$ cat entry_0.tsv   # TSV, C-alpha atoms
chain	number	residue	atom	x	y	z
A	1	MET	CA	0.00	0.00	0.00
A	2	ALA	CA	2.79	2.41	0.91
A	3	SER	CA	4.54	1.66	-2.39
A	4	ALA	CA	1.37	2.37	-4.39
A	5	PHE	CA	0.81	5.60	-2.45
A	6	ARG	CA	4.36	6.79	-3.23
A	7	ARG	CA	3.84	6.09	-6.97
A	8	LYS	CA	0.64	8.18	-6.94
A	9	VAL	CA	2.41	11.05	-5.19
A	10	ALA	CA	5.28	10.92	-7.70
A	11	ALA	CA	2.85	10.92	-10.63
A	12	ALA	CA	1.01	13.90	-9.16
A	13	GLN	CA	4.29	15.76	-8.74
A	14	ARG	CA	5.28	15.11	-12.38
A	15	LEU	CA	1.86	16.32	-13.55
A	16	HIS	CA	2.18	19.44	-11.43
A	17	PHE	CA	5.68	20.09	-12.84
A	18	LEU	CA	4.58	19.64	-16.47
A	19	THR	CA	1.55	21.87	-15.95
A	20	GLY	CA	3.79	24.52	-14.44
A	21	MET	CA	6.21	24.30	-17.36
A	22	LYS	CA	3.36	24.77	-19.87
A	23	ILE	CA	2.25	27.89	-18.03
A	24	VAL	CA	5.81	29.25	-18.00
A	25	LEU	CA	6.29	28.51	-21.73
A	26	THR	CA	2.96	30.15	-22.56
A	27	ILE	CA	3.95	33.28	-20.65
A	28	LEU	CA	7.36	33.34	-22.36
A	29	SER	CA	5.69	32.93	-25.76
A	30	ILE	CA	3.42	35.90	-25.09
A	31	LEU	CA	6.32	38.04	-23.91
A	32	ILE	CA	8.49	37.14	-26.92
A	33	GLY	CA	5.63	37.81	-29.32
A	34	THR	CA	4.98	41.19	-27.75
A	35	ALA	CA	8.65	42.12	-28.00
A	36	GLY	CA	8.67	41.01	-31.64
A	37	LEU	CA	5.73	43.25	-32.44
A	38	ALA	CA	7.59	46.18	-30.94
A	39	GLN	CA	10.38	45.61	-33.46
A	40	THR	CA	8.27	45.51	-36.65
A	41	PRO	CA	9.04	48.22	-39.25
A	42	ALA	CA	5.96	50.25	-38.31
A	43	GLY	CA	7.26	50.53	-34.78
A	44	ARG	CA	10.79	51.74	-35.59
A	45	SER	CA	11.54	55.41	-36.05
A	46	GLY	CA	12.07	56.30	-39.72
A	47	ALA	CA	11.03	52.91	-41.13
A	48	ALA	CA	8.65	52.41	-44.02
A	49	ARG	CA	5.26	50.77	-43.94
A	50	ALA	CA	4.57	47.78	-46.13
A	51	VAL	CA	4.06	48.44	-49.84
A	52	PRO	CA	0.34	48.31	-50.73
A	53	LYS	CA	-1.14	45.78	-53.10
A	54	GLY	CA	-3.24	48.39	-54.87
A	55	THR	CA	-3.85	52.10	-55.07
A	56	ALA	CA	-7.60	52.44	-54.69
A	57	GLY	CA	-8.39	53.89	-51.29
A	58	ALA	CA	-4.74	53.74	-50.29
A	59	SER	CA	-3.63	55.56	-47.16
A	60	LEU	CA	-1.17	58.43	-47.09
A	61	SER	CA	1.72	56.11	-46.23
A	62	ASP	CA	0.76	53.47	-48.82
A	63	THR	CA	0.62	55.92	-51.71
A	64	MET	CA	3.70	57.77	-50.52
A	65	ALA	CA	5.67	54.50	-50.39
A	66	ILE	CA	4.82	53.77	-54.03
A	67	GLN	CA	5.68	57.35	-55.05
A	68	VAL	CA	9.09	56.99	-53.39
A	69	MET	CA	9.73	53.65	-55.11
A	70	LEU	CA	8.78	55.08	-58.50
A	71	ASP	CA	11.06	58.07	-57.98
A	72	ARG	CA	13.96	55.82	-56.98
A	73	ALA	CA	13.35	53.62	-60.02
A	74	GLY	CA	13.59	56.62	-62.39
A	75	PHE	CA	9.85	56.93	-63.07
A	76	SER	CA	9.10	60.20	-61.35
A	77	PRO	CA	5.57	60.78	-60.02
A	78	GLY	CA	6.40	64.49	-59.73
A	79	GLU	CA	5.88	65.96	-56.30
A	80	ILE	CA	5.61	63.29	-53.60
A	81	ASP	CA	2.46	64.20	-51.69
A	82	GLY	CA	0.97	60.90	-50.51
A	83	ARG	CA	-2.03	61.29	-52.82
A	84	PRO	CA	-2.90	59.26	-55.93
A	85	GLY	CA	-3.53	61.30	-59.07
A	86	SER	CA	-2.83	61.53	-62.79
A	87	ASN	CA	0.95	61.92	-62.40
A	88	PHE	CA	1.00	58.89	-60.10
A	89	THR	CA	-1.00	56.74	-62.52
A	90	SER	CA	1.12	57.88	-65.47
A	91	ALA	CA	4.33	56.91	-63.65
A	92	VAL	CA	2.95	53.49	-62.69
A	93	THR	CA	1.82	52.87	-66.27
A	94	ALA	CA	5.20	53.94	-67.69
A	95	PHE	CA	7.00	51.63	-65.26
A	96	GLN	CA	4.73	48.73	-66.21
A	97	ARG	CA	5.35	49.38	-69.91
A	98	ALA	CA	9.11	49.48	-69.39
A	99	MET	CA	9.01	46.22	-67.41
A	100	GLY	CA	6.77	44.40	-69.91
A	101	LEU	CA	3.87	44.18	-67.44
A	102	ALA	CA	0.16	44.70	-68.06
A	103	GLU	CA	-0.40	48.47	-68.30
A	104	SER	CA	-3.21	48.93	-65.78
A	105	GLY	CA	-1.92	51.98	-63.94
A	106	GLN	CA	-2.68	50.06	-60.73
A	107	VAL	CA	-0.07	48.61	-58.37
A	108	ASP	CA	-0.87	44.92	-58.71
A	109	PRO	CA	1.31	42.24	-57.03
A	110	GLN	CA	3.61	41.88	-60.06
A	111	THR	CA	4.19	45.63	-60.26
A	112	GLU	CA	4.75	45.79	-56.52
A	113	GLN	CA	7.38	43.06	-56.71
A	114	ARG	CA	9.19	44.62	-59.68
A	115	LEU	CA	9.26	47.99	-57.93
A	116	ALA	CA	10.63	46.36	-54.80
A	117	ASP	CA	13.30	44.60	-56.86
A	118	ALA	CA	14.21	47.80	-58.70
A	119	THR	CA	14.65	49.75	-55.46
A	120	ALA	CA	16.31	47.03	-53.35
A	121	ASN	CA	13.43	46.98	-50.87
A	122	GLN	CA	14.55	50.26	-49.30
A	123	PRO	CA	12.26	51.95	-46.73
A	124	ALA	CA	10.06	54.79	-47.93
A	125	LEU	CA	11.13	57.11	-45.12
A	126	VAL	CA	14.48	57.89	-43.56
A	127	GLU	CA	15.53	60.13	-40.70
A	128	TYR	CA	17.26	63.38	-41.64
A	129	ASP	CA	19.07	65.89	-39.46
A	130	VAL	CA	18.34	69.40	-40.70
A	131	ARG	CA	21.58	71.00	-41.91
A	132	GLU	CA	22.84	74.48	-41.26
A	133	ALA	CA	22.64	75.03	-45.04
A	134	ASP	CA	18.92	74.16	-44.99
A	135	VAL	CA	18.06	76.99	-42.62
A	136	ALA	CA	20.66	79.56	-43.69
A	137	GLY	CA	18.92	80.79	-46.84
A	138	PRO	CA	19.00	83.22	-48.49
A	139	PHE	CA	15.21	83.05	-48.50
A	140	THR	CA	12.72	85.21	-50.38
A	141	PRO	CA	9.68	85.22	-48.06
A	142	THR	CA	7.43	87.22	-50.36
A	143	ILE	CA	7.40	86.63	-54.12
A	144	PRO	CA	4.92	88.71	-56.12
A	145	ALA	CA	2.98	87.02	-58.91
A	146	ASP	CA	3.65	89.94	-61.26
A	147	LEU	CA	6.74	89.23	-63.39
A	148	VAL	CA	7.84	92.86	-63.63
A	149	GLN	CA	7.68	93.12	-59.84
A	150	GLN	CA	9.76	89.92	-59.60
A	151	SER	CA	12.45	91.60	-61.71
A	152	LYS	CA	12.99	94.08	-58.88
A	153	LEU	CA	14.11	91.35	-56.48
A	154	LYS	CA	17.75	90.35	-56.05
A	155	TYR	CA	17.15	86.61	-55.93
A	156	LEU	CA	14.19	84.25	-56.24
A	157	GLY	CA	15.07	81.80	-53.50
A	158	TYR	CA	12.91	79.46	-51.50
A	159	GLN	CA	10.40	81.24	-49.31
A	160	ASN	CA	11.43	79.37	-46.17
A	161	ALA	CA	13.42	76.38	-44.93
A	162	ARG	CA	10.46	73.99	-45.08
A	163	GLU	CA	10.04	74.67	-48.80
A	164	ALA	CA	13.78	74.16	-49.32
A	165	ILE	CA	13.84	70.84	-47.44
A	166	ALA	CA	10.66	69.65	-49.16
A	167	GLU	CA	12.17	70.27	-52.60
A	168	ARG	CA	15.41	68.60	-51.54
A	169	PHE	CA	13.42	65.41	-50.95
A	170	HIS	CA	10.99	65.81	-53.89
A	171	ALA	CA	8.05	66.32	-51.53
A	172	SER	CA	5.29	68.81	-50.93
A	173	PRO	CA	5.75	71.10	-47.91
A	174	GLN	CA	2.34	69.90	-46.71
A	175	LEU	CA	3.48	66.26	-46.71
A	176	LEU	CA	6.63	67.20	-44.83
A	177	LYS	CA	4.51	68.88	-42.16
A	178	ARG	CA	2.16	65.90	-41.90
A	179	LEU	CA	5.13	63.59	-41.41
A	180	ASN	CA	6.67	65.89	-38.80
A	181	SER	CA	3.83	67.70	-37.07
A	182	ALA	CA	5.99	68.90	-34.16
A	183	ALA	CA	8.96	70.07	-36.27
A	184	THR	CA	9.84	73.75	-36.68
A	185	PHE	CA	11.99	73.32	-39.82
A	186	SER	CA	14.03	76.27	-38.62
A	187	ARG	CA	16.73	74.75	-36.43
A	188	ALA	CA	19.87	72.97	-37.56
A	189	GLY	CA	20.16	69.55	-35.97
A	190	GLU	CA	16.41	68.99	-35.77
A	191	ARG	CA	15.64	65.37	-36.71
A	192	ILE	CA	12.79	64.78	-39.12
A	193	GLN	CA	11.47	62.06	-41.43
A	194	VAL	CA	11.75	62.56	-45.19
A	195	PRO	CA	11.12	60.50	-48.36
A	196	ASN	CA	14.00	58.16	-49.12
A	197	VAL	CA	15.02	59.63	-52.49
A	198	GLU	CA	18.22	61.03	-53.97
A	199	PRO	CA	18.52	64.48	-52.31
A	200	PHE	CA	18.23	67.38	-54.73
A	201	GLU	CA	20.83	70.12	-54.58
A	202	PRO	CA	20.16	73.29	-56.60
A	203	PRO	CA	23.05	73.65	-59.08
A	204	GLN	CA	25.54	76.46	-58.83
A	205	PRO	CA	25.00	79.24	-61.39
A	206	VAL	CA	27.28	79.39	-64.43
A	207	ALA	CA	28.21	82.76	-65.89
A	208	ALA	CA	26.70	83.24	-69.32
A	209	PRO	CA	26.16	86.18	-71.66
A	210	ALA	CA	22.67	87.63	-71.54
A	211	GLN	CA	20.90	87.10	-74.83
A	212	PRO	CA	17.24	87.49	-75.63
A	213	GLY	CA	15.14	84.36	-75.49
A	214	ARG	CA	11.45	83.58	-75.35
A	215	GLY	CA	10.14	84.76	-72.17
A	216	GLY	CA	12.95	82.32	-71.59
A	217	ALA	CA	16.48	82.13	-70.33
A	218	SER	CA	19.88	83.29	-71.40
A	219	ARG	CA	21.72	80.90	-73.64
A	220	GLY	CA	24.61	79.65	-71.60
A	221	GLU	CA	26.77	76.79	-70.42
A	222	SER	CA	27.27	75.09	-73.74
A	223	ARG	CA	28.78	71.74	-72.90
A	224	GLY	CA	31.38	71.76	-75.65
A	225	ALA	CA	31.20	70.11	-79.03
A	226	ALA	CA	28.18	67.97	-79.67
A	227	ALA	CA	28.76	64.24	-79.28
A	228	PRO	CA	26.92	61.58	-81.29
A	229	PRO	CA	23.50	61.36	-79.59
A	230	ALA	CA	23.08	58.23	-77.50
A	231	PHE	CA	19.69	59.24	-76.12
A	232	THR	CA	16.54	61.02	-77.30
A	233	ILE	CA	14.45	63.27	-75.09
A	234	ALA	CA	10.79	62.75	-76.00
A	235	VAL	CA	7.80	64.78	-74.84
A	236	THR	CA	4.37	63.23	-75.40
A	237	LYS	CA	1.47	65.67	-75.40
A	238	SER	CA	-1.28	63.07	-74.79
A	239	THR	CA	0.32	61.76	-71.61
A	240	SER	CA	1.95	65.00	-70.38
A	241	ALA	CA	5.18	63.09	-69.92
A	242	LEU	CA	8.85	63.44	-70.78
A	243	THR	CA	10.91	60.32	-71.37
A	244	VAL	CA	14.57	59.77	-72.05
A	245	GLU	CA	15.04	56.86	-74.45
A	246	ASP	CA	18.16	55.05	-75.58
A	247	ALA	CA	18.93	54.04	-79.17
A	248	SER	CA	16.76	50.91	-78.84
A	249	GLY	CA	13.78	52.90	-77.57
A	250	ARG	CA	14.16	51.71	-73.98
A	251	VAL	CA	12.94	54.29	-71.45
A	252	VAL	CA	15.63	55.16	-68.93
A	253	PHE	CA	13.78	58.05	-67.29
A	254	HIS	CA	10.17	59.27	-67.08
A	255	ALA	CA	8.73	62.44	-65.55
A	256	PRO	CA	5.47	64.40	-65.69
A	257	VAL	CA	5.52	67.72	-67.55
A	258	THR	CA	3.37	70.67	-68.42
A	259	THR	CA	3.23	71.17	-72.19
A	260	GLY	CA	1.78	74.23	-73.86
A	261	SER	CA	-1.83	75.34	-74.15
A	262	GLU	CA	-4.52	76.17	-76.69
A	263	HIS	CA	-2.84	79.52	-77.28
A	264	ASP	CA	0.72	78.18	-77.23
A	265	PRO	CA	0.55	74.53	-78.35
A	266	LEU	CA	3.49	72.16	-78.12
A	267	PRO	CA	5.37	72.48	-81.46
A	268	ILE	CA	5.14	68.90	-82.72
A	269	GLY	CA	8.33	67.83	-84.50
A	270	THR	CA	11.96	66.88	-84.00
A	271	TRP	CA	14.33	69.47	-82.57
A	272	LYS	CA	17.75	69.50	-80.95
A	273	VAL	CA	19.30	70.80	-77.77
A	274	THR	CA	21.44	73.85	-78.52
A	275	THR	CA	22.68	74.97	-75.10
A	276	VAL	CA	22.06	74.29	-71.43
A	277	GLN	CA	22.10	76.72	-68.53
A	278	VAL	CA	21.73	76.19	-64.80
A	279	MET	CA	20.31	78.80	-62.43
A	280	PRO	CA	19.36	81.01	-65.39
A	281	LYS	CA	17.94	84.49	-65.46
A	282	PHE	CA	14.52	84.75	-67.06
A	283	HIS	CA	14.09	87.24	-69.89
A	284	TYR	CA	10.48	88.30	-69.86
A	285	ASN	CA	9.17	89.56	-73.18
A	286	PRO	CA	5.46	90.44	-72.91
A	287	ASP	CA	5.16	90.53	-76.71
A	288	LEU	CA	5.46	86.74	-76.71
A	289	PHE	CA	2.74	86.15	-74.10
A	290	TRP	CA	-0.87	86.24	-75.25
A	291	ASP	CA	-2.09	87.01	-71.71
A	292	ALA	CA	0.57	89.58	-70.76
A	293	ASN	CA	-0.41	92.72	-68.92
A	294	PRO	CA	-0.56	95.43	-71.62
A	295	THR	CA	1.32	97.83	-69.33
A	296	HIS	CA	4.29	95.49	-69.02
A	297	SER	CA	7.66	96.07	-70.64
A	298	LYS	CA	10.57	93.68	-71.05
A	299	ALA	CA	12.27	92.66	-67.82
A	300	THR	CA	15.05	90.40	-66.58
A	301	ILE	CA	14.13	88.27	-63.59
A	302	PRO	CA	16.96	87.16	-61.29
A	303	PRO	CA	17.87	83.48	-60.84
A	304	GLY	CA	16.82	81.14	-58.09
A	305	PRO	CA	14.72	78.00	-57.61
A	306	ASN	CA	11.55	80.14	-57.68
A	307	ASN	CA	12.53	81.82	-60.95
A	308	PRO	CA	9.84	81.20	-63.63
A	309	VAL	CA	12.12	78.64	-65.34
A	310	GLY	CA	13.46	77.16	-62.12
A	311	VAL	CA	17.00	75.85	-61.82
A	312	ALA	CA	17.67	74.81	-65.43
A	313	TRP	CA	16.98	75.88	-69.01
A	314	ILE	CA	17.54	73.49	-71.94
A	315	ASP	CA	17.44	75.62	-75.07
A	316	LEU	CA	16.10	74.08	-78.29
A	317	SER	CA	16.60	74.63	-82.00
A	318	LYS	CA	12.94	75.70	-82.14
A	319	GLU	CA	13.19	79.45	-81.51
A	320	HIS	CA	11.79	80.67	-78.20
A	321	TYR	CA	11.24	77.13	-76.88
A	322	GLY	CA	12.97	75.17	-74.16
A	323	ILE	CA	12.67	72.55	-71.45
A	324	HIS	CA	13.02	73.92	-67.93
A	325	GLY	CA	12.34	73.69	-64.22
A	326	ALA	CA	9.50	75.40	-62.39
A	327	PRO	CA	8.83	77.24	-59.12
A	328	GLU	CA	5.62	75.36	-58.23
A	329	PRO	CA	6.12	71.57	-58.44
A	330	SER	CA	2.54	70.85	-57.37
A	331	ARG	CA	1.27	72.37	-60.63
A	332	ILE	CA	3.35	70.24	-63.00
A	333	GLY	CA	1.11	68.13	-65.22
A	334	HIS	CA	-2.03	69.92	-64.00
A	335	VAL	CA	-1.89	73.37	-65.65
A	336	GLN	CA	-0.98	74.86	-69.03
A	337	SER	CA	2.19	76.64	-70.06
A	338	HIS	CA	3.15	79.27	-72.61
A	339	GLY	CA	4.48	76.62	-74.98
A	340	CYS	CA	7.64	75.45	-73.25
A	341	VAL	CA	8.01	72.18	-71.35
A	342	ARG	CA	8.08	72.46	-67.55
A	343	LEU	CA	9.29	69.88	-65.03
A	344	THR	CA	9.85	69.95	-61.30
A	345	ASN	CA	13.27	71.38	-60.48
A	346	TRP	CA	14.63	68.01	-59.35
A	347	ASP	CA	13.44	66.29	-62.55
A	348	ALA	CA	14.87	69.09	-64.71
A	349	ARG	CA	18.19	68.59	-62.94
A	350	ARG	CA	18.07	64.88	-63.73
A	351	VAL	CA	17.34	65.51	-67.42
A	352	LEU	CA	20.59	67.49	-67.58
A	353	MET	CA	22.41	64.15	-67.38
A	354	TRP	CA	21.31	63.44	-70.96
A	355	ALA	CA	20.87	66.92	-72.43
A	356	GLN	CA	23.86	68.21	-74.40
A	357	PRO	CA	24.24	70.16	-77.63
A	358	GLY	CA	22.93	67.97	-80.42
A	359	THR	CA	20.72	65.71	-78.29
A	360	PRO	CA	17.52	65.01	-80.31
A	361	VAL	CA	14.28	66.27	-78.76
A	362	LEU	CA	11.06	64.79	-80.09
A	363	PHE	CA	7.74	66.55	-79.45
A	364	ARG	CA	4.89	64.18	-80.33
A	365	GLU	CA	1.16	63.90	-79.97

$ encode --input "entry_0.tsv" --output "structure tokens"
Amino acid sequence: MASAFRRKVAAAQRLHFLTGMKIVLTILSILIGTAGLAQTPAGRSGAARAVPKGTAGASLSDTMAIQVMLDRAGFSPGEIDGRPGSNFTSAVTAFQRAMGLAESGQVDPQTEQRLADATANQPALVEYDVREADVAGPFTPTIPADLVQQSKLKYLGYQNAREAIAERFHASPQLLKRLNSAATFSRAGERIQVPNVEPFEPPQPVAAPAQPGRGGASRGESRGAAAPPAFTIAVTKSTSALTVEDASGRVVFHAPVTTGSEHDPLPIGTWKVTTVQVMPKFHYNPDLFWDANPTHSKATIPPGPNNPVGVAWIDLSKEHYGIHGAPEPSRIGHVQSHGCVRLTNWDARRVLMWAQPGTPVLFRE
């Protein structure tokens, strides 16, 4: 009897021990799982959210992540603002066409995967410490809409540091504020979150002789003798897009543009780059503008990123026409121009990689 009693006690002790171990393991599992959740990308400062599987009804972060990926892949959506729109759809479609995918304009799983592959699965946001140069200016807080009044200014710089930082990271100032609601954007060393794109630096001005252009820029910074063209810059009116294409027709860069109007239509045809200038002055000639103020006279507007032609002017063999930057990136692809082709400043800077005297420029329907 005593032996049987001892066996029952031992069995009860083993059962109690195993039950206790199960409880301990369960608690450990819960704790480990909770710690793991705290380390997911959404919980780390500066990390990106997962790429969405579609664009309809996408959140700010979902759409922004796709915009960043497109920009990094060389298919610019224009200003990164976290909102789907025509420039966004055009960039997605152009990427799909270049990759041989179905051209839906929607970010389906295949497109998502190809974008991820093309951008090495980098996060959409990164942390950035505001530099002294970002807040030092010079800034131009008030810029009149009147072009003659603009000519009286010394420089057409950014209006404030937030605008400068936003353009540096291809973003709208409003998006930057939404991402960093507590930031002042006025203090060097302040840490903020920004889109993970190649930072844009306004180019340094190059001295050039002032010559009359279209309400356009001085002809300057010729890049030497023309080399045999390896690329063609094409502007398509129907899609409001500029593409850079190699000799086989492969698209190596895409960006939204503003192209002409009913009064100043895009001059369809094949032209060539003649000269290139960075940080140009703008030579305003009211005789060439159908909507000019009749009291206006010719004026020279100083350079700067908020100059009417932005940070770059690519002069063409078609008189009075060029490809150039713009002071309001949010309007690219959504408004009309006076005949020339406008891009965001950062996209205009990128086009300079292929623009040289002799480069073919195709304007097509």

$ closest_residue --input "entry_0.tsv" --among "A:Thr93, A:Thr274, A:Gln159, A:Ser248" --to "A:Pro173" --atoms "all atoms listed in the file"
A:Gln159

$ closest_residue --input "entry_0.tsv" --among "A:His324, A:Arg250, A:Arg72, A:His283" --to "A:Ala116" --atoms "all atoms listed in the file"
A:Arg72

$ closest_residue --input "entry_0.tsv" --among "A:Val351, A:Val244, A:Val135, A:Val92" --to "A:Gln110" --atoms "only C-alpha atoms"
A:Val92

$ atom_distance --input "entry_0.tsv" --atom1 "atom CA of A:Tyr128" --atom2 "atom CA of A:Gly189"
8.9 Å

$ atom_distance --input "entry_0.tsv" --atom1 "atom CA of A:Asp62" --atom2 "atom CA of A:Leu175"
13.2 Å

$ atom_distance --input "entry_0.tsv" --atom1 "atom CA of A:Arg97" --atom2 "atom CA of A:Gln113"
14.8 Å

$ residues_around --input "entry_0.tsv" --residues "A:Gly322" --least-positions-apart "5" --cutoff "7 Å" --atoms "all atoms listed in the file" --output "ChimeraX atom specification"
/A:313-316,340-341

$ residues_around --input "entry_0.tsv" --residues "A:Thr295" --least-positions-apart "4" --cutoff "12 Å" --atoms "all atoms listed in the file" --output "mmCIF file with C-alpha atoms, in the coordinates of the input"
data_model
loop_
_atom_site.group_PDB
_atom_site.id
_atom_site.type_symbol
_atom_site.label_atom_id
_atom_site.label_comp_id
_atom_site.auth_asym_id
_atom_site.auth_seq_id
_atom_site.Cartn_x
_atom_site.Cartn_y
_atom_site.Cartn_z
ATOM 1 C CA ASP A 146 3.650 89.940 -61.260
ATOM 2 C CA LEU A 147 6.740 89.230 -63.390
ATOM 3 C CA VAL A 148 7.840 92.860 -63.630
ATOM 4 C CA PRO A 286 5.460 90.440 -72.910
ATOM 5 C CA ASP A 287 5.160 90.530 -76.710
ATOM 6 C CA ASP A 291 -2.090 87.010 -71.710
#

$ residues_around --input "entry_0.tsv" --residues "A:Ala241" --least-positions-apart "3" --cutoff "12 Å" --atoms "only C-alpha atoms" --output "MDAnalysis selection string"
chainID A and resid 75:78 86:91 93:94 233:238 244 251 253:259 332:334 341:344 347 362:365

$ residues_around --input "entry_0.tsv" --residues "A:Gln193" --least-positions-apart "3" --cutoff "10 Å" --atoms "all atoms listed in the file" --output "VMD selection string"
chain A and resid 45 to 47 124 to 129 176 to 177 179 to 180 183 196

$ write_last_selection --input "entry_0.tsv" --atoms "C-alpha atoms" --output "short mmCIF file (atom, residue, chain, number, x, y, z; two decimals), in the frame of the given file"
data_model
loop_
_atom_site.label_atom_id
_atom_site.label_comp_id
_atom_site.auth_asym_id
_atom_site.auth_seq_id
_atom_site.Cartn_x
_atom_site.Cartn_y
_atom_site.Cartn_z
CA SER A 45 11.54 55.41 -36.05
CA GLY A 46 12.07 56.30 -39.72
CA ALA A 47 11.03 52.91 -41.13
CA ALA A 124 10.06 54.79 -47.93
CA LEU A 125 11.13 57.11 -45.12
CA VAL A 126 14.48 57.89 -43.56
CA GLU A 127 15.53 60.13 -40.70
CA TYR A 128 17.26 63.38 -41.64
CA ASP A 129 19.07 65.89 -39.46
CA LEU A 176 6.63 67.20 -44.83
CA LYS A 177 4.51 68.88 -42.16
CA LEU A 179 5.13 63.59 -41.41
CA ASN A 180 6.67 65.89 -38.80
CA ALA A 183 8.96 70.07 -36.27
CA ASN A 196 14.00 58.16 -49.12
#

$ residues_around --input "entry_0.tsv" --residues "A:Ala299" --least-positions-apart "2" --cutoff "7 Å" --atoms "all atoms listed in the file" --output "number ranges by chain"
A: 148, 151, 283-285, 297, 301

$ closest_residue --input "entry_0.tsv" --among "A:Ala133, A:Ile80, A:Ile66, A:Met99" --to "A:Val252" --atoms "only C-alpha atoms"
A:Met99

$ closest_residue --input "entry_0.tsv" --among "A:Arg331, A:Arg187, A:Arg350, A:Lys298" --to "A:Asp71" --atoms "only C-alpha atoms"
A:Arg350

$ closest_residue --input "entry_0.tsv" --among "A:Glu112, A:Glu319, A:Glu201, A:Asp117" --to "A:Ala348" --atoms "all atoms listed in the file"
A:Glu201

$ axis_aligned_box --input "entry_0.tsv" --around "stretch 170-188 of chain A" --padding-each-side "6 Å" --output "AutoDock Vina command-line options"
--center_x 11.0 --center_y 69.9 --center_z -44.0 --size_x 29.7 --size_y 24.7 --size_z 31.7
